[in-house]
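Working notes for the structure below.
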Amino acid sequence: MKVVLLAAGRSKRLKPIEDKNFLNFLGKPLVQIQLEQLAAAGFDDFVLVGGSHNLEKLRELVTAMAGSRRGGAARLSMKIEVVEQENLDDGMAGAVLSAASVASGGPVLIVSGNDIVEDSVFTKINKDEFVGAAGANDGFLVAKEVGEYFPGGYLQVENGFIKSIVEKPGAGNEPGNLVNLVIHYFKDIGPLVDALKKTASDKDDRYEQALDSLMKGGLKFKALPYNGFWQPIKYPWHVLAVMEHFLAGIKPKTDGAEIAESAVIRGNVYLEDGVKVLDHATINGPAYIGRGSIVAGNALVRGSCIGANCVVGYATEVARSFLGDRVWTHSNYIGDSVIGNNVSFGAGTVTGNLRFDEGNISMNVRGEKIDSGRNKFGLITGDHVRSGINTSFMPGIKIGTNVCVGAGLTISMDIENNKFVTGKTELVQHENKLDISVILRP
Amino acid sequence: MKVVLLAAGRSKRLKPIEDKNFLNFLGKPLVQIQLEQLAAAGFDDFVLVGGSHNLEKLRELVTAMAGSRRGGAARLSMKIEVVEQENLDDGMAGAVLSAASVASGGPVLIVSGNDIVEDSVFTKINKDEFVGAAGANDGFLVAKEVGEYFPGGYLQVENGFIKSIVEKPGAGNEPGNLVNLVIHYFKDIGPLVDALKKTASDKDDRYEQALDSLMKGGLKFKALPYNGFWQPIKYPWHVLAVMEHFLAGIKPKTDGAEIAESAVIRGNVYLEDGVKVLDHATINGPAYIGRGSIVAGNALVRGSCIGANCVVGYATEVARSFLGDRVWTHSNYIGDSVIGNNVSFGAGTVTGNLRFDEGNISMNVRGEKIDSGRNKFGLITGDHVRSGINTSFMPGIKIGTNVCVGAGLTISMDIENNKFVTGKTELVQHENKLDISVILRP
Amino acid sequence: MKVVLLAAGRSKRLKPIEDKNFLNFLGKPLVQIQLEQLAAAGFDDFVLVGGSHNLEKLRELVTAMAGSRRGGAARLSMKIEVVEQENLDDGMAGAVLSAASVASGGPVLIVSGNDIVEDSVFTKINKDEFVGAAGANDGFLVAKEVGEYFPGGYLQVENGFIKSIVEKPGAGNEPGNLVNLVIHYFKDIGPLVDALKKTASDKDDRYEQALDSLMKGGLKFKALPYNGFWQPIKYPWHVLAVMEHFLAGIKPKTDGAEIAESAVIRGNVYLEDGVKVLDHATINGPAYIGRGSIVAGNALVRGSCIGANCVVGYATEVARSFLGDRVWTHSNYIGDSVIGNNVSFGAGTVTGNLRFDEGNISMNVRGEKIDSGRNKFGLITGDHVRSGINTSFMPGIKIGTNVCVGAGLTISMDIENNKFVTGKTELVQHENKLDISVILRP
């Protein structure tokens, strides 16, 4: 069976994060984590669909993964073909059609790179009972059992088979409690490809329409209910939810790190080799610190995932935050934030992460104000960002890629890519008439 | 003997602190401390005079105190009647007249809730020698022996008896060194009540005039000199003086608290049950930390009284300050400040507490600039206050109740109740022409 | 042999540092360090040339040094005469002529107080081989062997003797690799004095012209090549280079200091008597802390030289910086900075020390922008400076003597002496419509 992993999405609502597939959790890009998760469940034949924006990085990753397997540590046998979806506006339908060039017939499991689920889903699927059971039918869709209304596609099941998918029916109108996840098994990809080719839609639902036409045409699909963790990465704050998920599963490891005797490590803390933890620093797990990073004197890290070659500087707290690689902090508070790669904060820069009224924090996403569902939520930055000293970022603010923000500013609006932001401050100078020639204090 | 404790004052000069009686020192409201101090000296029959603004709270307190005595820990037998002074403009005269409804005859000790004195005053009074000695006369007034001029009421003593009270005679004109405290014993309250009823005054001295008329009418009052600690709570900075007094008397207690091994506790530190002291925190006594409060990582508390359910956050210093209940700090410096209940400071917010010239810090009190007599003096807040991140409060500033102060501001003026304060900042955005795509630093 | 130590320069390019001679390194004024370095090499007869701006201080120093030698610890016999150079515009020529009043004949070693060199230079000079060798000639000039072009005076050597000094020949035009240092030995000062008197120049090269005329007149001078450390103190950042040099040579000493058990001292750290290091503080050597100074709780000092009676306050980092005496910090970051005497920083004040593009930091020196050659370079202050809380200083900024800088400001321009700097901030007050009457956070 081929697994088609969809990784061509442009993460538009995730901006300024450029590509969710290459967010590093616990030291690995998300797409690699997903491939390895599938491989651990026994799948070994992959089609990875990318776009022009990430095709080269996907290929490099596949090469690096193969190299690392040859390197001795590998137990997994994986064949990964990278294909390009040329027109990204064709959405998921286009992605499947692109994959069809190398998976033109036979069984296929289509998996979205957007959704983070537990290993159990894939282990279950790969067992005979499910694929075997599906074998008697034409396929199945994995469906998340939801307790309250979720604005997704609900499965309408009749006589044991899915009759249709009802998109966002509205609370109270749900035809059940099963919401469609993009983990779809087809006994044969052929009919799906034919249906996709026949379907035309100017909306982003061509795949769903094709699937619907297959059902209406008599193909029989079952629902595979799933009750575990599920988190899509659609909005920036979802990065924190996924981070929390991965952190919840880490095992402690501190050997290979250099830890000052006066430093304190509590709970599940994973320190990659070469990490240094300096005097009077504290790390409260769960926490992951990437290769070569430093947690400097008197710093505090808690509930965070920190990339490689970072410095959590002196007297800095990083709380419940995701930091990319090469992030430099110094006497900062970084709370509930998602920080890109190659970012440096001047001393005294602070991320606000709580409203005065402690209400949920909203964010501007493609012109719309979206409630993050979180009452603690800080800063989101792209890559290559600098802030000056004593700068203040309001909760839920986005800073684009390649941005410099001057010192002493209060940033309460999103900043687009490639900006250099300063403030207008006027100093007033008088003659100093105070006598300050001595310090009187004891 | 009945003790009339005057607690109806409106603390006008103490604003934004609403009611001095309910300032919690070492976990107890001031009025309770005073009642218990009197009870410990052997008094057991109290009339507590309140106003409409605090009557309910006083009654609740009395109920709670009774409950706590019944609870087993109590050794003190106390009867407390709460009476309302209806017209608060009638000042102390009105308060005593209100008390007269339940203490219409017999001996009475009138005590002001404004004045903090040592236990010894009351122990002394309750001994036969004093009340007995007074028994031969008509009463006595406790008088503070002062070394230098104090702007209060001086006792003019002739032939062993007080002839009159001279209000603020001015330095050099003092008729002695005895300043009237409001701890007044009357063998019989009746003549005082009659005199008060007969006295009319549109100034705030009706009580003093009535007292004067009693003396002139032949009643004989003695002075009871007192040489110990005395501190009225009239201005906000007096809260600090009273705090220092109570802190000076605390005994260390750390059992019942959870203290990280790397934390350091020095000197006389009293931690209520449920207090947590996290890694690398330091508490330098004298200090009191209220029930359920947290002194977080790398924080420093010294010479302070901190209420219940507070968080002294990471990398925060609280020095020589009084914090109410539910105060949240985070990477702050709170120095020589008086902070109300339910107050939260954004990370990086700092209270200035010293002038450049290290001169005494003044404060606006009811339109007048009053020298606090302190060269270190920080911020005073009411209840329900929020400050944004990186905000700066100048020394001696008052922030009213229910106030939000935005991020990155420098606050150099008092803020009235119920305000939301922001600043006008204009950002200037240019194209970023710097190459910041790498971090060069080692 | 008399040593003429030139200490009359007005340190114009070093502003706001007033007098390099009285910069204290490792607890001693630079001029004293130089005198003792010469004494240790065996010289004992000094003429110290000062100007009206520092003559008294030089005399006091000489008195103090004599007193300290008498006090028992002294091993060095030194005779030091202080003379005044009246017209400081006469530069080095004038200085030598002033010295001639007390050193009118015989051998003389002229040493500039501007140049910091290793002991070995002077030890070498005082050996017979050199002075003896010079004895056969008329003197020698110590010359630094340089690897790359340096904008100084190059020695043109022919047949073993210096033919002339070529000032700033430009890269590629150097007549050799020897750059003139002002460590000049003359077998007899007489001819030099005569030549100086005969030479008139309105440029600052009268000394060099006189020397040239001596060479042209047949006197024979040799070059004494020197390959060790050499650092002039001309620009403010040179103070850091000299500090690094002295710190590199310190030996650890911590006895006589009071060090909390939870504090950490690493590497070569010299603590003068009476230093206190409080809880959870860290000092990473090389570092020097002057008499009576305090490194307070959770502070970090590294690679720095800190004067006497300073406070490195709670949660403050001082990194690679030079602090004068009586400097008070508190929750600050002071990086790569040179701070005068009697300076106090409000809590939250930060020195920026790195440009966004990590390029070299320039400084305005007498109207010209000079590249410091350092990509980490912070703040330079004169004496008697105060900053308010949460103030931000941009990299390479100079703050003059007797300056107060208000709170919350971003200072990106140099501030002249005797200024009081404030900002224009306008607060906007609305009614607070948020319900903040409770803190909801767990």
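Labels used: A, B, ... for chains in the order of the structure tokens, numbers from 1 for residues in each chain, and numbers from 1 for ligands as shown.
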
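The residue set within 6 Å of stretch 266-282 of chain C, counting only C-alpha atoms and dropping same-chain residues fewer than 6 places from it, reads Lys251, Pro252, Lys253, Thr254, Gly256, Ala257, Glu258, Ile259, Ala260, Tyr288, Ile289, Gly290, Arg291, Gly292, Ser293, Ile294, Val295, Ala296, Gly297, Asn298, Ala299 and Leu300 of chain C.
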
Using C-alpha atoms, can you write the selected residues to a file as a PDB file, in the first residue's frame?
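Below is the file that was written, again.pdb:
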```
ATOM      1  CA  LYS C 251      45.272  35.979  40.141  1.00  0.00           C
ATOM      2  CA  PRO C 252      42.256  34.728  42.066  1.00  0.00           C
ATOM      3  CA  LYS C 253      41.669  36.099  45.562  1.00  0.00           C
ATOM      4  CA  THR C 254      38.455  35.681  47.451  1.00  0.00           C
ATOM      5  CA  GLY C 256      38.535  38.866  52.838  1.00  0.00           C
ATOM      6  CA  ALA C 257      35.233  38.800  50.960  1.00  0.00           C
ATOM      7  CA  GLU C 258      31.913  37.577  52.268  1.00  0.00           C
ATOM      8  CA  ILE C 259      30.457  35.080  49.822  1.00  0.00           C
ATOM      9  CA  ALA C 260      27.046  33.477  50.227  1.00  0.00           C
ATOM     10  CA  TYR C 288      37.877  42.284  39.611  1.00  0.00           C
ATOM     11  CA  ILE C 289      35.556  43.700  42.275  1.00  0.00           C
ATOM     12  CA  GLY C 290      36.719  46.711  44.242  1.00  0.00           C
ATOM     13  CA  ARG C 291      36.752  47.304  47.961  1.00  0.00           C
ATOM     14  CA  GLY C 292      33.377  47.393  49.680  1.00  0.00           C
ATOM     15  CA  SER C 293      31.387  46.579  46.573  1.00  0.00           C
ATOM     16  CA  ILE C 294      28.397  44.266  46.600  1.00  0.00           C
ATOM     17  CA  VAL C 295      27.413  41.730  44.001  1.00  0.00           C
ATOM     18  CA  ALA C 296      23.796  41.307  44.998  1.00  0.00           C
ATOM     19  CA  GLY C 297      21.361  38.440  44.689  1.00  0.00           C
ATOM     20  CA  ASN C 298      21.105  36.586  41.371  1.00  0.00           C
ATOM     21  CA  ALA C 299      23.495  39.061  39.734  1.00  0.00           C
ATOM     22  CA  LEU C 300      26.053  38.028  37.141  1.00  0.00           C
TER      23      LEU C 300
END
```

At a cut-off of 9 Å, can you tabulate as CSV every residue of chain A near chain C together with its closest atom pair and the distance in Å to one decimal, using only C-alpha atoms and ordering rows by chain then number?
```
residue,atom,partner,partner_atom,distance
A:Ser262,CA,C:Ser262,CA,7.9
A:Asp279,CA,C:Thr282,CA,7.2
A:His280,CA,C:His280,CA,6.5
A:Gly297,CA,C:Leu300,CA,7.6
A:Asn298,CA,C:Asn298,CA,6.8
A:Tyr314,CA,C:Glu317,CA,7.6
A:Ala315,CA,C:Ala315,CA,6.9
A:His330,CA,C:Tyr333,CA,9.0
A:Ser331,CA,C:Tyr333,CA,7.9
A:Ser344,CA,C:Phe356,CA,8.6
A:Gly346,CA,C:Gly352,CA,7.3
A:Ala347,CA,C:Val350,CA,6.7
A:Gly348,CA,C:Val350,CA,7.1
A:Phe356,CA,C:Ile436,CA,6.9
A:Asp357,CA,C:Ile436,CA,5.5
A:Glu358,CA,C:Leu440,CA,7.0
A:Arg386,CA,C:Phe356,CA,6.3
A:Ser387,CA,C:Phe356,CA,8.0
A:Gly388,CA,C:Gly352,CA,7.7
A:Ile389,CA,C:Gly352,CA,6.3
A:Asn390,CA,C:Ser392,CA,6.6
A:Cys404,CA,C:Phe356,CA,7.3
A:Ala407,CA,C:Thr410,CA,6.8
A:Gly408,CA,C:Thr410,CA,5.9
A:Leu409,CA,C:Thr410,CA,8.8
A:Thr425,CA,C:Gly423,CA,7.3
A:Glu426,CA,C:Gly423,CA,5.9
A:Leu427,CA,C:Gly423,CA,4.6
A:Val428,CA,C:Thr422,CA,5.1
A:Gln429,CA,C:Val421,CA,4.5
A:His430,CA,C:Phe420,CA,5.1
A:Glu431,CA,C:Lys419,CA,4.8
A:Asn432,CA,C:Phe420,CA,4.5
A:Lys433,CA,C:Phe420,CA,7.9
A:Leu434,CA,C:Cys404,CA,8.6
A:Asp435,CA,C:Asn402,CA,8.5
A:Ile436,CA,C:His384,CA,6.1
A:Ser437,CA,C:His384,CA,5.5
A:Val438,CA,C:Asn342,CA,6.4
A:Ile439,CA,C:Asn342,CA,6.4
```

* To do: Just the residues within 8 Å of stretch 227-240 of chain B, please, counting only C-alpha atoms, with nothing from its chain fewer than 6 positions along; format it as number ranges by chain.
  => B: 11, 13-15, 17, 20, 114-118, 144-146, 320-322, 336-338, 372, 377, 380

What's the 8 Å shell around stretch 243-248 of chain B, counting only C-alpha atoms, without same-chain residues fewer than 5 positions away, as a PDB file with C-alpha atoms, in the first residue's frame?
```pdb
ATOM      1  CA  PHE B  25      -0.650  43.052  58.340  1.00  0.00           C
ATOM      2  CA  LEU B  26       0.864  39.601  58.847  1.00  0.00           C
ATOM      3  CA  PRO B 286      12.056  40.276  58.156  1.00  0.00           C
ATOM      4  CA  ALA B 287       9.372  39.122  55.791  1.00  0.00           C
ATOM      5  CA  TYR B 288       5.882  37.721  55.941  1.00  0.00           C
ATOM      6  CA  GLY B 303      11.653  43.501  54.373  1.00  0.00           C
ATOM      7  CA  SER B 304       8.154  43.003  53.002  1.00  0.00           C
ATOM      8  CA  CYS B 305       4.690  41.909  53.990  1.00  0.00           C
ATOM      9  CA  PHE B 322       3.391  45.977  51.464  1.00  0.00           C
TER      10      PHE B 322
END
```

* Asked: Could you name the residues that touch stretch 88-103 of chain A at 8 Å or less, counting only C-alpha atoms, but leaving out those on the same chain fewer than 4 positions away, as a ChimeraX atom specification?
  -> /A:2,4,6,8-9,47-49,51,83-84,108,189,193,196,204,206-207

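Here atom CA of B:Val111 and atom CA of B:Leu5 stand 4.9 Å from one another.
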
* Looking only at the backbone, which of the residues in stretch 181-372 of chain B does DSSP tag as alpha helix (DSSP H), as a PyMOL selection string? -> chain B and resi 189-198+206-216+236-248

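Distance-wise, atom CA of C:Tyr226 and atom CA of C:Pro29 end up 24.8 Å apart.
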
* What's the 10 Å shell around B:Asp212, counting only C-alpha atoms, without same-chain residues fewer than 6 positions away, as a ChimeraX atom specification? -> /B:162-165,195,206,219

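Excluding stretch 53-68 of chain B itself and any same-chain residue fewer than 6 positions from it, the protein and nucleic acid residues within 9 Å of it, counting only C-alpha atoms, are Ala7, Ala8, Arg10, Asp19, Asn21, Phe22, Pro29, Val31, Gln32, Ala74, Met78, Lys79, Ile80, Glu81, Val82, Val83 and Glu84 of chain B.
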
Dump as a compact mmCIF listing (two decimals), in the first residue's frame, selection limited to all heavy atoms:
```txt
# COMPACT_ATOMS: atom_id res chain seq x y z
N ALA B 7 -13.42 53.08 64.44
CA ALA B 7 -13.00 52.54 63.14
C ALA B 7 -13.87 53.06 62.01
O ALA B 7 -14.01 52.42 60.97
CB ALA B 7 -13.03 51.01 63.19
N ALA B 8 -14.44 54.25 62.21
CA ALA B 8 -15.37 54.77 61.21
C ALA B 8 -14.72 55.75 60.24
O ALA B 8 -15.35 56.19 59.28
CB ALA B 8 -16.55 55.43 61.91
N ARG B 10 -12.76 57.65 57.30
CA ARG B 10 -12.83 57.31 55.88
C ARG B 10 -11.47 57.31 55.19
O ARG B 10 -11.38 57.22 53.98
CB ARG B 10 -13.81 58.24 55.18
CG ARG B 10 -15.24 57.78 55.35
CD ARG B 10 -16.22 58.84 54.94
NE ARG B 10 -16.06 60.05 55.77
CZ ARG B 10 -16.81 61.14 55.63
NH1 ARG B 10 -17.76 61.17 54.73
NH2 ARG B 10 -16.63 62.18 56.43
N ASP B 19 -9.59 51.64 53.12
CA ASP B 19 -9.95 51.57 54.54
C ASP B 19 -8.78 50.97 55.32
O ASP B 19 -8.48 49.79 55.21
CB ASP B 19 -11.21 50.69 54.71
CG ASP B 19 -11.73 50.73 56.15
OD1 ASP B 19 -11.02 51.27 57.04
OD2 ASP B 19 -12.84 50.21 56.37
N ASN B 21 -8.57 50.13 58.24
CA ASN B 21 -8.93 49.06 59.18
C ASN B 21 -8.77 47.67 58.57
O ASN B 21 -8.56 46.70 59.27
CB ASN B 21 -10.39 49.23 59.62
CG ASN B 21 -10.58 50.54 60.36
OD1 ASN B 21 -10.09 50.69 61.47
ND2 ASN B 21 -11.26 51.49 59.73
N PHE B 22 -8.88 47.62 57.25
CA PHE B 22 -8.81 46.32 56.60
C PHE B 22 -7.52 46.11 55.82
O PHE B 22 -7.43 45.23 54.98
CB PHE B 22 -10.06 46.09 55.75
CG PHE B 22 -11.26 45.83 56.62
CD1 PHE B 22 -12.12 46.84 57.00
CD2 PHE B 22 -11.46 44.55 57.13
CE1 PHE B 22 -13.19 46.60 57.85
CE2 PHE B 22 -12.52 44.29 57.98
CZ PHE B 22 -13.39 45.31 58.34
N PRO B 29 -6.45 41.76 59.39
CA PRO B 29 -6.83 43.17 59.23
C PRO B 29 -6.39 43.96 60.46
O PRO B 29 -6.42 43.45 61.59
CB PRO B 29 -8.36 43.13 59.16
CG PRO B 29 -8.73 41.72 58.93
CD PRO B 29 -7.61 40.86 59.41
N VAL B 31 -7.75 46.22 62.16
CA VAL B 31 -8.72 46.38 63.25
C VAL B 31 -8.76 45.12 64.11
O VAL B 31 -8.92 45.19 65.34
CB VAL B 31 -10.11 46.77 62.68
CG1 VAL B 31 -10.70 45.67 61.81
CG2 VAL B 31 -11.06 47.14 63.81
N GLN B 32 -8.58 43.97 63.49
CA GLN B 32 -8.52 42.73 64.26
C GLN B 32 -7.27 42.69 65.14
O GLN B 32 -7.31 42.29 66.31
CB GLN B 32 -8.53 41.52 63.32
CG GLN B 32 -8.44 40.18 64.08
CD GLN B 32 -8.54 38.98 63.15
OE1 GLN B 32 -8.74 39.11 61.96
NE2 GLN B 32 -8.39 37.79 63.73
N ALA B 74 -8.75 29.57 70.26
CA ALA B 74 -8.92 30.84 70.96
C ALA B 74 -8.68 30.72 72.47
O ALA B 74 -9.08 29.76 73.10
CB ALA B 74 -10.31 31.38 70.71
N MET B 78 -14.06 37.60 74.15
CA MET B 78 -14.33 38.95 73.69
C MET B 78 -15.81 39.12 73.37
O MET B 78 -16.38 38.31 72.66
CB MET B 78 -13.52 39.24 72.41
CG MET B 78 -12.02 39.15 72.60
SD MET B 78 -11.14 39.04 71.02
CE MET B 78 -11.23 40.74 70.50
N LYS B 79 -16.35 40.22 73.85
CA LYS B 79 -17.70 40.60 73.43
C LYS B 79 -17.52 41.86 72.58
O LYS B 79 -16.91 42.85 73.03
CB LYS B 79 -18.55 40.89 74.66
CG LYS B 79 -19.95 41.38 74.32
CD LYS B 79 -20.67 41.89 75.58
CE LYS B 79 -21.82 42.81 75.19
NZ LYS B 79 -22.10 43.80 76.23
N ILE B 80 -18.00 41.82 71.36
CA ILE B 80 -17.81 42.96 70.46
C ILE B 80 -19.15 43.38 69.89
O ILE B 80 -19.83 42.61 69.22
CB ILE B 80 -16.87 42.62 69.29
CG1 ILE B 80 -15.58 41.97 69.80
CG2 ILE B 80 -16.56 43.87 68.47
CD1 ILE B 80 -14.69 41.42 68.71
N GLU B 81 -19.54 44.62 70.17
CA GLU B 81 -20.74 45.17 69.54
C GLU B 81 -20.32 46.16 68.47
O GLU B 81 -19.49 47.04 68.72
CB GLU B 81 -21.58 45.91 70.58
CG GLU B 81 -22.44 44.99 71.43
CD GLU B 81 -23.16 45.78 72.51
OE1 GLU B 81 -22.48 46.16 73.49
OE2 GLU B 81 -24.36 46.03 72.35
N VAL B 82 -20.90 46.00 67.29
CA VAL B 82 -20.59 46.93 66.21
C VAL B 82 -21.71 47.96 66.13
O VAL B 82 -22.88 47.59 66.05
CB VAL B 82 -20.46 46.18 64.87
CG1 VAL B 82 -20.16 47.15 63.73
CG2 VAL B 82 -19.38 45.10 64.96
N VAL B 83 -21.35 49.22 66.17
CA VAL B 83 -22.37 50.27 66.02
C VAL B 83 -21.99 51.17 64.85
O VAL B 83 -20.82 51.29 64.49
CB VAL B 83 -22.54 51.13 67.29
CG1 VAL B 83 -22.90 50.26 68.49
CG2 VAL B 83 -21.29 51.95 67.56
N GLU B 84 -23.01 51.75 64.26
CA GLU B 84 -22.77 52.62 63.12
C GLU B 84 -22.78 54.07 63.51
O GLU B 84 -23.67 54.53 64.21
CB GLU B 84 -23.85 52.38 62.05
CG GLU B 84 -23.63 53.29 60.84
CD GLU B 84 -24.63 53.08 59.73
OE1 GLU B 84 -25.51 52.21 59.86
OE2 GLU B 84 -24.54 53.81 58.72
```

* To do: Based on DSSP run over this structure's backbone, return all residues of stretch 72-281 of chain C in strand (DSSP E), as a PyMOL selection string.
  => chain C and resi 79-84+108-112+115-117+139-145+153-158+161-167+178-186+221-226+230-232+258-259+264-266+269-271+276-277

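Pairwise distance (atom CA of B:Gln156, atom CA of B:Asn173) equals 11.3 Å.
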